[in-house]
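Data file: final.txt. Format and content: compact mmCIF, C-alpha atoms.
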# COMPACT_ATOMS: atom_id res chain seq x y z
CA MET M 1 120.77 -5.22 96.59
CA THR M 2 122.76 -7.99 94.90
CA GLN M 3 120.00 -8.40 92.31
CA TYR M 4 120.30 -4.76 91.27
CA LEU M 5 124.06 -5.12 90.84
CA PHE M 6 123.57 -8.03 88.44
CA ILE M 7 120.92 -6.10 86.51
CA PHE M 8 123.14 -3.04 86.22
CA GLY M 9 126.07 -5.25 85.22
CA ALA M 10 124.07 -6.72 82.34
CA PHE M 11 123.02 -3.24 81.24
CA LEU M 12 126.58 -1.89 81.34
CA LEU M 13 128.18 -4.87 79.59
CA SER M 14 125.60 -4.82 76.81
CA MET M 15 125.98 -1.07 76.32
CA ILE M 16 129.75 -1.52 75.98
CA CYS M 17 129.17 -4.30 73.43
CA GLY M 18 126.90 -1.96 71.48
CA ILE M 19 129.39 0.92 71.57
CA VAL M 20 132.11 -1.40 70.24
CA SER M 21 130.06 -3.31 67.65
CA ILE M 22 127.90 -0.59 66.08
CA PRO M 23 130.82 1.36 64.50
CA ILE M 24 132.03 -1.95 63.04
CA ILE M 25 128.56 -2.53 61.56
CA ILE M 26 128.53 1.00 60.14
CA ARG M 27 131.87 0.37 58.37
CA PHE M 28 130.59 -2.96 57.06
CA CYS M 29 127.47 -1.27 55.64
CA LYS M 30 129.64 1.37 54.00
CA GLU M 31 131.88 -1.26 52.38
CA LYS M 32 128.94 -3.35 51.12
CA GLY M 33 126.68 -0.44 50.19
CA LEU M 34 123.94 -1.50 52.62
CA TYR M 35 122.01 1.73 53.03
CA ASP M 36 118.45 2.82 53.71
CA LEU M 37 117.86 5.12 50.76
CA PRO M 38 115.56 8.17 51.01
CA ASN M 39 112.29 8.23 49.07
CA SER M 40 108.98 10.10 49.04
CA ARG M 41 107.64 8.19 52.07
CA LYS M 42 110.71 8.48 54.29
CA VAL M 43 111.74 11.58 56.22
CA HIS M 44 115.54 11.26 55.98
CA HIS M 45 117.48 12.81 53.08
CA ASN M 46 120.75 10.86 53.20
CA ALA M 47 121.65 7.24 52.56
CA ILE M 48 121.95 5.73 56.08
CA PRO M 49 123.37 2.30 57.09
CA ARG M 50 120.44 0.09 58.10
CA LEU M 51 121.84 -2.86 60.07
CA GLY M 52 122.04 -1.41 63.59
CA GLY M 53 119.63 -4.03 64.93
CA ILE M 54 122.14 -6.79 64.22
CA SER M 55 123.97 -5.71 67.38
CA PHE M 56 120.93 -6.20 69.65
CA ILE M 57 120.76 -9.96 70.22
CA PRO M 58 124.51 -10.74 70.33
CA SER M 59 125.12 -7.89 72.81
CA MET M 60 122.15 -8.84 74.98
CA THR M 61 123.01 -12.55 74.91
CA LEU M 62 126.73 -12.10 75.63
CA ALA M 63 126.12 -9.69 78.50
CA SER M 64 123.38 -11.89 79.98
CA LEU M 65 125.48 -15.06 79.79
CA ILE M 66 128.45 -13.39 81.51
CA VAL M 67 126.21 -12.07 84.30
CA PHE M 68 124.47 -15.47 84.63
CA LEU M 69 127.84 -17.20 85.07
CA VAL M 70 128.98 -14.68 87.69
CA HIS M 71 125.59 -14.97 89.40
CA ASN M 72 125.90 -18.74 89.68
CA GLN M 73 129.47 -18.54 90.95
CA ILE M 74 128.68 -16.00 93.66
CA LEU M 75 125.26 -17.24 94.76
CA VAL M 76 125.98 -20.93 95.26
CA GLY M 77 122.76 -22.86 95.77
CA ASN M 78 120.68 -20.11 94.18
CA GLN M 79 121.34 -20.95 90.57
CA LEU M 80 119.28 -19.73 87.67
CA HIS M 81 117.29 -22.44 85.95
CA ILE M 82 116.38 -22.55 82.26
CA SER M 83 112.67 -23.29 81.80
CA LEU M 84 110.88 -24.59 78.71
CA TRP M 85 109.41 -21.08 78.31
CA THR M 86 112.92 -19.62 78.10
CA VAL M 87 114.05 -22.21 75.53
CA GLY M 88 110.97 -21.53 73.41
CA PHE M 89 111.48 -17.79 73.72
CA PHE M 90 115.09 -17.87 72.52
CA PHE M 91 114.22 -20.25 69.67
CA SER M 92 111.50 -17.87 68.45
CA LEU M 93 113.64 -14.80 69.10
CA PHE M 94 116.50 -16.06 66.94
CA LEU M 95 113.99 -17.01 64.24
CA ILE M 96 112.59 -13.47 64.18
CA TYR M 97 116.09 -12.03 64.39
CA GLY M 98 117.15 -14.11 61.38
CA VAL M 99 114.10 -13.01 59.39
CA GLY M 100 114.96 -9.38 60.15
CA ILE M 101 118.57 -9.82 59.00
CA VAL M 102 117.50 -11.47 55.74
CA ASP M 103 114.99 -8.67 55.15
CA ASP M 104 117.66 -6.01 55.76
CA LEU M 105 120.13 -7.72 53.43
CA VAL M 106 118.01 -8.88 50.50
CA GLY M 107 114.42 -7.84 51.31
CA LEU M 108 111.35 -9.90 52.21
CA GLY M 109 107.68 -9.32 51.46
CA ALA M 110 105.36 -8.15 54.23
CA LYS M 111 103.32 -11.37 54.02
CA THR M 112 106.44 -13.51 54.42
CA LYS M 113 107.51 -11.61 57.53
CA PHE M 114 103.97 -11.79 58.88
CA SER M 115 103.88 -15.57 58.38
CA MET M 116 107.19 -16.02 60.20
CA GLN M 117 105.92 -13.88 63.08
CA ILE M 118 102.91 -16.19 63.41
CA ILE M 119 105.14 -19.29 63.44
CA ALA M 120 107.44 -17.78 66.06
CA SER M 121 104.53 -16.67 68.24
CA MET M 122 102.95 -20.14 68.15
CA VAL M 123 105.91 -21.47 70.14
CA MET M 124 104.74 -19.67 73.30
CA PRO M 125 101.42 -21.53 73.80
CA ILE M 126 103.11 -24.77 72.72
CA CYS M 127 105.58 -24.28 75.60
CA GLY M 128 102.72 -23.53 77.99
CA LEU M 129 103.11 -19.74 78.04
CA TYR M 130 99.89 -17.94 77.20
CA ILE M 131 97.49 -15.28 78.50
CA ASN M 132 95.24 -17.23 80.87
CA ASP M 133 93.58 -14.35 82.73
CA LEU M 134 92.17 -10.98 81.55
CA TYR M 135 92.04 -9.67 85.12
CA GLY M 136 88.46 -8.41 84.90
CA PHE M 137 88.62 -6.71 81.49
CA CYS M 138 85.00 -6.59 80.27
CA GLY M 139 84.18 -8.75 83.29
CA ILE M 140 86.43 -11.63 82.10
CA HIS M 141 88.93 -13.28 84.38
CA GLU M 142 90.27 -16.80 83.81
CA VAL M 143 90.09 -17.98 80.17
CA PRO M 144 90.44 -21.49 78.64
CA PHE M 145 93.63 -22.58 76.91
CA TRP M 146 92.24 -22.46 73.36
CA PHE M 147 91.17 -18.83 73.78
CA GLY M 148 94.35 -17.83 75.59
CA ALA M 149 96.55 -19.46 72.94
CA ILE M 150 94.79 -17.66 70.07
CA PHE M 151 94.75 -14.38 71.97
CA THR M 152 98.46 -14.73 72.81
CA LEU M 153 99.28 -15.34 69.16
CA TYR M 154 97.30 -12.26 68.14
CA ILE M 155 98.83 -10.02 70.84
CA VAL M 156 102.44 -10.99 70.13
CA VAL M 157 102.11 -10.57 66.36
CA PHE M 158 100.27 -7.28 66.81
CA ILE M 159 102.87 -5.83 69.18
CA SER M 160 105.70 -7.02 66.92
CA ASN M 161 104.21 -5.24 63.93
CA SER M 162 103.37 -2.10 65.89
CA ILE M 163 107.03 -1.58 66.85
CA ASN M 164 108.15 -2.36 63.30
CA LEU M 165 105.64 -0.04 61.63
CA ILE M 166 106.20 2.95 63.91
CA ASP M 167 109.94 2.90 63.17
CA GLY M 168 109.75 5.97 60.93
CA ILE M 169 111.94 8.67 62.50
CA ASP M 170 115.18 8.73 64.47
CA GLY M 171 114.85 7.28 67.95
CA LEU M 172 111.11 6.60 67.86
CA SER M 173 110.90 2.81 67.83
CA GLY M 174 113.97 2.57 70.05
CA GLY M 175 112.75 5.26 72.45
CA LEU M 176 109.29 3.74 72.85
CA SER M 177 110.85 0.30 73.31
CA LEU M 178 113.24 1.64 75.96
CA ILE M 179 110.32 3.13 77.91
CA ALA M 180 108.41 -0.16 77.67
CA LEU M 181 111.46 -2.25 78.64
CA THR M 182 112.03 -0.02 81.67
CA GLY M 183 108.42 -0.56 82.69
CA PHE M 184 108.59 -4.33 82.23
CA LEU M 185 111.86 -4.43 84.19
CA THR M 186 110.07 -2.66 87.04
CA LEU M 187 107.15 -5.11 86.86
CA PHE M 188 109.43 -8.16 86.97
CA ILE M 189 111.43 -6.75 89.88
CA ARG M 190 108.18 -6.08 91.73
CA ARG M 191 106.90 -9.61 91.14
CA GLY M 192 110.13 -11.07 92.58
CA ASN M 193 112.07 -14.26 91.80
CA MET M 194 112.59 -13.20 88.17
CA THR M 195 116.27 -12.30 88.15
CA ALA M 196 116.89 -14.10 84.85
CA TYR M 197 114.26 -12.06 83.00
CA CYS M 198 115.45 -8.84 84.65
CA ILE M 199 119.02 -9.50 83.50
CA MET M 200 117.84 -10.22 79.96
CA ILE M 201 115.75 -7.03 79.83
CA ALA M 202 118.64 -4.96 81.21
CA GLY M 203 120.91 -6.50 78.58
CA LEU M 204 118.61 -5.41 75.78
CA MET M 205 118.24 -1.95 77.31
CA GLY M 206 122.01 -1.48 77.39
CA VAL M 207 122.62 -2.09 73.69
CA LEU M 208 119.51 -0.07 72.86
CA VAL M 209 120.94 2.95 74.68
CA ALA M 210 124.18 2.56 72.67
CA PHE M 211 122.20 2.32 69.42
CA LEU M 212 120.13 5.40 70.24
CA TYR M 213 123.32 7.41 70.70
CA PHE M 214 124.46 6.65 67.14
CA ASN M 215 120.93 6.88 65.74
CA LEU M 216 120.09 10.27 67.27
CA PHE M 217 123.47 12.01 67.44
CA GLY M 218 125.53 10.36 64.70
CA ASN M 219 126.55 12.56 61.78
CA PRO M 220 125.13 11.06 58.54
CA GLU M 221 127.66 12.92 56.37
CA LYS M 222 130.52 11.25 58.28
CA ASN M 223 128.83 7.82 58.29
CA HIS M 224 128.42 7.84 62.07
CA LYS M 225 124.64 7.43 61.91
CA ILE M 226 122.73 4.15 61.64
CA PHE M 227 119.16 2.80 61.52
CA MET M 228 118.10 -0.36 63.34
CA GLY M 229 116.40 -1.95 60.33
CA ASP M 230 113.94 -4.82 60.59
CA SER M 231 116.52 -6.93 62.42
CA GLY M 232 116.12 -4.42 65.24
CA SER M 233 112.45 -3.43 65.11
CA LEU M 234 111.14 -6.97 64.63
CA THR M 235 113.36 -8.19 67.47
CA LEU M 236 112.25 -5.43 69.84
CA GLY M 237 108.61 -6.01 68.95
CA TYR M 238 108.82 -9.73 69.59
CA VAL M 239 110.62 -9.26 72.92
CA LEU M 240 107.98 -6.76 74.07
CA GLY M 241 105.23 -9.15 72.99
CA PHE M 242 106.84 -11.96 74.96
CA LEU M 243 107.28 -9.76 78.04
CA ALA M 244 103.65 -8.64 77.83
CA VAL M 245 102.49 -12.27 77.87
CA LYS M 246 105.00 -13.44 80.48
CA SER M 247 104.21 -10.60 82.88
CA THR M 248 100.43 -11.02 82.64
CA MET M 249 100.15 -14.81 82.81
CA ASN M 250 98.50 -15.72 86.08
CA ASP M 251 101.07 -18.04 87.62
CA GLU M 252 100.03 -19.83 90.80
CA ARG M 253 103.62 -19.48 92.06
CA MET M 254 103.19 -15.69 92.04
CA GLU M 255 100.96 -13.50 94.16
CA TYR M 256 97.84 -12.51 92.22
CA ASP M 257 98.15 -8.91 91.01
CA PRO M 258 95.03 -7.50 89.28
CA SER M 259 96.92 -4.38 88.13
CA ILE M 260 99.49 -6.29 86.06
CA MET M 261 97.42 -6.35 82.84
CA MET M 262 96.76 -2.62 83.07
CA TYR M 263 100.46 -1.80 83.43
CA ALA M 264 101.50 -4.12 80.59
CA PHE M 265 98.86 -2.52 78.36
CA SER M 266 99.94 1.00 79.34
CA LEU M 267 103.56 0.37 78.36
CA ILE M 268 102.73 -0.28 74.69
CA ILE M 269 99.73 2.01 74.13
CA VAL M 270 101.24 4.44 71.63
CA PRO M 271 102.59 1.96 69.03
CA VAL M 272 99.56 -0.33 69.40
CA PHE M 273 96.99 2.46 69.13
CA ASP M 274 98.86 3.90 66.14
CA VAL M 275 98.66 0.61 64.25
CA VAL M 276 94.97 0.22 65.13
CA ARG M 277 94.25 3.68 63.71
CA ILE M 278 96.38 3.08 60.60
CA SER M 279 94.70 -0.29 59.95
CA TYR M 280 91.25 1.26 60.32
CA VAL M 281 92.11 4.07 57.88
CA ARG M 282 93.47 1.64 55.29
CA LEU M 283 90.45 -0.65 55.56
CA ARG M 284 88.09 2.32 55.26
CA GLN M 285 89.94 3.48 52.14
CA HIS M 286 89.96 -0.08 50.74
CA ALA M 287 93.77 0.00 50.69
CA PRO M 288 95.98 -3.07 51.32
CA ILE M 289 96.56 -3.54 55.03
CA PHE M 290 100.33 -3.87 54.51
CA LEU M 291 100.56 -0.77 52.30
CA ALA M 292 103.21 1.68 53.52
CA ASP M 293 102.01 5.28 53.80
CA LYS M 294 102.64 8.56 55.63
CA ASN M 295 99.69 8.50 58.03
CA HIS M 296 101.47 7.37 61.19
CA ILE M 297 101.44 9.62 64.22
CA HIS M 298 104.97 10.91 63.55
CA HIS M 299 104.07 11.83 59.97
CA LYS M 300 101.05 13.79 61.18
CA LEU M 301 103.03 15.67 63.82
CA MET M 302 105.63 16.65 61.24
CA ARG M 303 102.90 17.84 58.86
CA MET M 304 101.77 19.99 61.75
CA GLY M 305 105.13 21.74 61.57
CA LEU M 306 107.25 19.94 64.20
CA THR M 307 110.84 18.92 63.54
CA GLN M 308 111.96 15.29 63.86
CA HIS M 309 113.35 15.80 67.36
CA GLN M 310 110.28 17.77 68.46
CA THR M 311 108.08 14.98 67.09
CA LEU M 312 110.15 12.34 68.90
CA THR M 313 109.96 14.25 72.18
CA THR M 314 106.20 14.74 71.84
CA ILE M 315 105.50 11.05 71.21
CA LEU M 316 107.78 9.85 74.00
CA LEU M 317 106.15 12.29 76.43
CA LEU M 318 102.75 11.06 75.24
CA ALA M 319 103.77 7.47 76.01
CA VAL M 320 104.95 8.42 79.50
CA ALA M 321 101.78 10.47 80.06
CA PHE M 322 99.55 7.47 79.26
CA ILE M 323 101.47 5.36 81.77
CA ALA M 324 101.18 8.04 84.47
CA VAL M 325 97.49 8.72 83.80
CA ASN M 326 96.60 5.02 83.84
CA HIS M 327 98.52 4.56 87.08
CA LEU M 328 96.39 7.28 88.69
CA LEU M 329 93.16 6.02 87.13
CA TRP M 330 93.76 2.56 88.59
CA TYR M 331 92.90 3.91 92.02
CA VAL M 332 89.47 5.15 90.93
CA CYS M 333 88.23 2.81 88.17
CA ASP M 334 88.75 -0.67 86.74
CA PHE M 335 90.78 -1.77 83.73
CA THR M 336 87.86 -1.72 81.29
CA PHE M 337 87.10 1.95 81.94
CA ILE M 338 90.81 2.80 81.78
CA VAL M 339 90.99 1.35 78.25
CA LEU M 340 87.89 3.33 77.22
CA ILE M 341 89.36 6.53 78.66
CA ASP M 342 92.64 5.89 76.82
CA ILE M 343 90.76 5.47 73.54
CA VAL M 344 88.95 8.76 74.10
CA LEU M 345 92.20 10.57 74.97
CA TRP M 346 93.93 9.11 71.91
CA ASN M 347 91.16 10.29 69.60
CA LEU M 348 91.09 13.75 71.19
CA PHE M 349 94.84 13.99 70.64
CA HIS M 350 94.35 13.24 66.93
CA ILE M 351 91.48 15.69 66.66
CA VAL M 352 93.82 18.41 67.93
CA ILE M 353 96.54 17.30 65.50
CA ASN M 354 94.12 17.29 62.55
CA HIS M 355 92.94 20.79 63.47
CA ARG M 356 96.54 22.06 63.63
CA ILE M 357 97.38 20.39 60.29
CA ARG M 358 94.43 22.10 58.59
CA LYS M 359 95.45 25.39 60.17
CA GLN M 360 99.05 24.87 59.04
CA GLY M 361 97.84 24.10 55.52
CA LYS M 362 95.82 27.31 55.38
CA LEU M 363 98.83 29.35 56.56
CA VAL M 364 101.00 27.83 53.82
CA TYR M 365 98.30 28.56 51.24
CA VAL M 366 98.05 32.20 52.38
CA ARG M 367 101.83 32.60 52.22
CA GLU M 368 101.91 31.20 48.68
CA GLU M 369 99.08 33.51 47.64
CA LYS M 370 100.93 36.55 48.98
CA LYS M 371 104.15 35.39 47.37
CA ASN M 372 102.49 34.98 43.96
CA GLY M 373 100.66 38.20 43.91
Would you put the structure from the file into structure tokens?
Amino acid sequence: MTQYLFIFGAFLLSMICGIVSIPIIIRFCKEKGLYDLPNSRKVHHNAIPRLGGISFIPSMTLASLIVFLVHNQILVGNQLHISLWTVGFFFSLFLIYGVGIVDDLVGLGAKTKFSMQIIASMVMPICGLYINDLYGFCGIHEVPFWFGAIFTLYIVVFISNSINLIDGIDGLSGGLSLIALTGFLTLFIRRGNMTAYCIMIAGLMGVLVAFLYFNLFGNPEKNHKIFMGDSGSLTLGYVLGFLAVKSTMNDERMEYDPSIMMYAFSLIIVPVFDVVRISYVRLRQHAPIFLADKNHIHHKLMRMGLTQHQTLTTILLLAVAFIAVNHLLWYVCDFTFIVLIDIVLWNLFHIVINHRIRKQGKLVYVREEKKNG
């Protein structure tokens, strides 16, 4: 019970920090003219402050430190210890956070950001944190360090970019991240003896809830609305990548749990599958892989005729549905078949969307024909 009080305390303190700091950031953006301007690729029509993500790490860190100190004072003899993994994580996290801030302020090229993500992700295997077990996926269990290190690097960078690239409408990147963070918090609580990570996750969730309030319900005409920017999306992506690796590493100090990889995968399906599809389309069209376009899942749903909030609700429900379906499938089939079923369901979903888009296009054409004659 005490553990849950500390977790809730971190969440509440961080949310308060976000509620206090985000209006200050909005005023700063207004004074300095730091706006995300609308263009043909973006769906918003007003100039919106873009530095909301700056509040994420300070709020999470401050709330977590306060809770850690209280934890150590109350639970004498049960102090939280800082591991090499944790040191490496925070070093990389602040590196990514700094890259995001610089990009929001002056702009960085996609290749530069990608290179920094690789450098930050390399810290994990160097500190001894890497995916060392695939838990039976394609019949593979324990893997050697060299493979696990490369695979960890790939997974973290891929997840980081998936959260960054899907950040196209209000609440989407933040909403998907909040769902994933809730899932990882549940996994860490279930695995036990991970109070430090639970407090950190709760801290990030708290400020994210505060941000989503301003992002979804703020009035852009009164400068109450804000975007997270790359300082937010890159940070969230890296944290989720770290949590995916940390939760799935087969640690001899923990009870072996063959379902852990399936749950970690399920929590990030939507952004990861979206980037896989986008990358495939760009390669097939011989377009640059980093080229920004309007082919993401939220763009397609809006072309189908949904509003931004309807699109957001649909995608968040889709993410929750994948988690629920995979949870049920775990009792009847192994992880490999679950991934295959998810791929089939994802493609069927897009087939339905494509059909509705074509139908919507024909309706618009008919209306224009009637209007013109």
Query raised in the report: Neighbours of Gly237 of chain M within 9 Å (all atoms listed in the file; same-chain residues fewer than 6 positions away dropped), as a PyMOL selection string?
Result: chain M and resi 156-164+177
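Distances from M:Ala202, M:Ile54, M:Ala321, M:Ile131 to Ile189 of chain M were compared using all atoms listed in the file, and the smallest one belongs to M:Ala202.
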Show me the residues close to (95.4, 8.3, 83.2) - anything with an atom within 12 Å, counting all atoms listed in the file - and format the list as an mmCIF file with C-alpha atoms, keeping the file's coordinate frame.
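out26.cif written:
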data_model
loop_
_atom_site.group_PDB
_atom_site.id
_atom_site.type_symbol
_atom_site.label_atom_id
_atom_site.label_comp_id
_atom_site.auth_asym_id
_atom_site.auth_seq_id
_atom_site.Cartn_x
_atom_site.Cartn_y
_atom_site.Cartn_z
ATOM 1 C CA MET M 262 96.760 -2.620 83.070
ATOM 2 C CA TYR M 263 100.460 -1.800 83.430
ATOM 3 C CA SER M 266 99.940 1.000 79.340
ATOM 4 C CA ILE M 269 99.730 2.010 74.130
ATOM 5 C CA LEU M 318 102.750 11.060 75.240
ATOM 6 C CA ALA M 319 103.770 7.470 76.010
ATOM 7 C CA VAL M 320 104.950 8.420 79.500
ATOM 8 C CA ALA M 321 101.780 10.470 80.060
ATOM 9 C CA PHE M 322 99.550 7.470 79.260
ATOM 10 C CA ILE M 323 101.470 5.360 81.770
ATOM 11 C CA ALA M 324 101.180 8.040 84.470
ATOM 12 C CA VAL M 325 97.490 8.720 83.800
ATOM 13 C CA ASN M 326 96.600 5.020 83.840
ATOM 14 C CA HIS M 327 98.520 4.560 87.080
ATOM 15 C CA LEU M 328 96.390 7.280 88.690
ATOM 16 C CA LEU M 329 93.160 6.020 87.130
ATOM 17 C CA TRP M 330 93.760 2.560 88.590
ATOM 18 C CA TYR M 331 92.900 3.910 92.020
ATOM 19 C CA VAL M 332 89.470 5.150 90.930
ATOM 20 C CA CYS M 333 88.230 2.810 88.170
ATOM 21 C CA ASP M 334 88.750 -0.670 86.740
ATOM 22 C CA PHE M 335 90.780 -1.770 83.730
ATOM 23 C CA PHE M 337 87.100 1.950 81.940
ATOM 24 C CA ILE M 338 90.810 2.800 81.780
ATOM 25 C CA VAL M 339 90.990 1.350 78.250
ATOM 26 C CA LEU M 340 87.890 3.330 77.220
ATOM 27 C CA ILE M 341 89.360 6.530 78.660
ATOM 28 C CA ASP M 342 92.640 5.890 76.820
ATOM 29 C CA ILE M 343 90.760 5.470 73.540
ATOM 30 C CA VAL M 344 88.950 8.760 74.100
ATOM 31 C CA LEU M 345 92.200 10.570 74.970
ATOM 32 C CA TRP M 346 93.930 9.110 71.910
#
Query raised in the report: Please, what distance in Å, to one decimal, runs between atom CA of Ile357 of chain M and atom CA of Gln310 of chain M?
Result: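 Answer for the atom CA of Ile357 of chain M to atom CA of Gln310 of chain M separation: 15.5 Å.
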Query raised in the report: What gap, in Å, lies between atom CA of Ile155 of chain M and atom CA of Lys111 of chain M?
Result: 17.5 Å
**Report entry** Atomic separation - atom CA of Tyr197 of chain M relative to atom CA of Gly168 of chain M, Å
**Finding:**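 For atom CA of Gly168 of chain M relative to atom CA of Tyr197 of chain M, the distance reads 28.9 Å.
Among M:Val239, M:Val352, M:Val70, M:Ile268, the residue with the shortest atom-to-atom distance to Ser121 of chain M, counting all atoms listed in the file, is M:Val239.
Near Asp251 of chain M, within 9 Å and counting only C-alpha atoms, sit Asn132, Glu255 and Tyr256 of chain M; same-chain residues fewer than 4 positions away were not included.
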Could you dump the residues just selected with C-alpha atoms as a JSON list (two decimals), keeping the file's coordinate frame?
[["chain", "number", "residue", "atom", "x", "y", "z"],
["M", 132, "ASN", "CA", 95.24, -17.23, 80.87],
["M", 255, "GLU", "CA", 100.96, -13.50, 94.16],
["M", 256, "TYR", "CA", 97.84, -12.51, 92.22]]
Report task. Do a neighbour search on Val245 of chain M at 12 Å with only C-alpha atoms, toss out local chain neighbours closer than 5 positions, and write the hits as an MDAnalysis selection string. Result -> chainID M and resid 85 89 121 124:125 128:134 148:149 151:157 159 184 238:240 250:251 260:261 264:265
Requested in this report: May I ask which of the residues M:Pro23, M:Gly203, M:Gly18, M:Pro49 is the closest one to Leu181 of chain M, counting all atoms listed in the file?
Outcome: M:Gly203
Requested in this report: Would you please work out which residue, of M:Phe227, M:Met60, M:Leu165, M:Phe137, is nearest to Ser279 of chain M when using only C-alpha atoms?
Outcome: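 So, comparing all the options, the nearest one is M:Leu165.
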How big is the axis-aligned box around all listed atoms of segment 296-313 of chain M once 3 Å goes on each side, and where's its centre, in Å to one decimal, as JSON?
{"center_x": 107.2, "center_y": 14.6, "center_z": 65.5, "size_x": 18.3, "size_y": 20.4, "size_z": 19.3}
Requested in this report: Show which residues sit within 9 Å of Phe94 of chain M, as a list of chain:residue names. Count all atoms listed in the file, and ignore same-chain residues fewer than 5 positions away.
Outcome: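 Near neighbours after the sequence-gap exclusion: M:Ile57, M:Phe89, M:Val99, M:Thr235.
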Report task. Enumerate, as a PyMOL selection string, the protein, DNA and RNA residues whose atoms approach (111.0, 6.9, 70.9) to within 10 Å, taking into account all atoms listed in the file and the coordinate frame of the file. Result -> chain M and resi 166-167+169-179+212+271+309+311-317+319
Query raised in the report: Counting all atoms listed in the file, which of M:Gly229, M:Gly107, M:Gly9, M:Gly192 gets nearest to Leu51 of chain M?
Result: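 Of M:Gly229, M:Gly107, M:Gly9, M:Gly192, the one nearest Leu51 of chain M, counting all atoms listed in the file, is M:Gly229.
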Query raised in the report: Which one is closest to Glu142 of chain M: M:Asn347, M:Ser14, M:Gln360, M:Thr248? Count only C-alpha atoms.
Result: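 Once distances to Glu142 of chain M are computed over only C-alpha atoms, the minimum belongs to M:Thr248.
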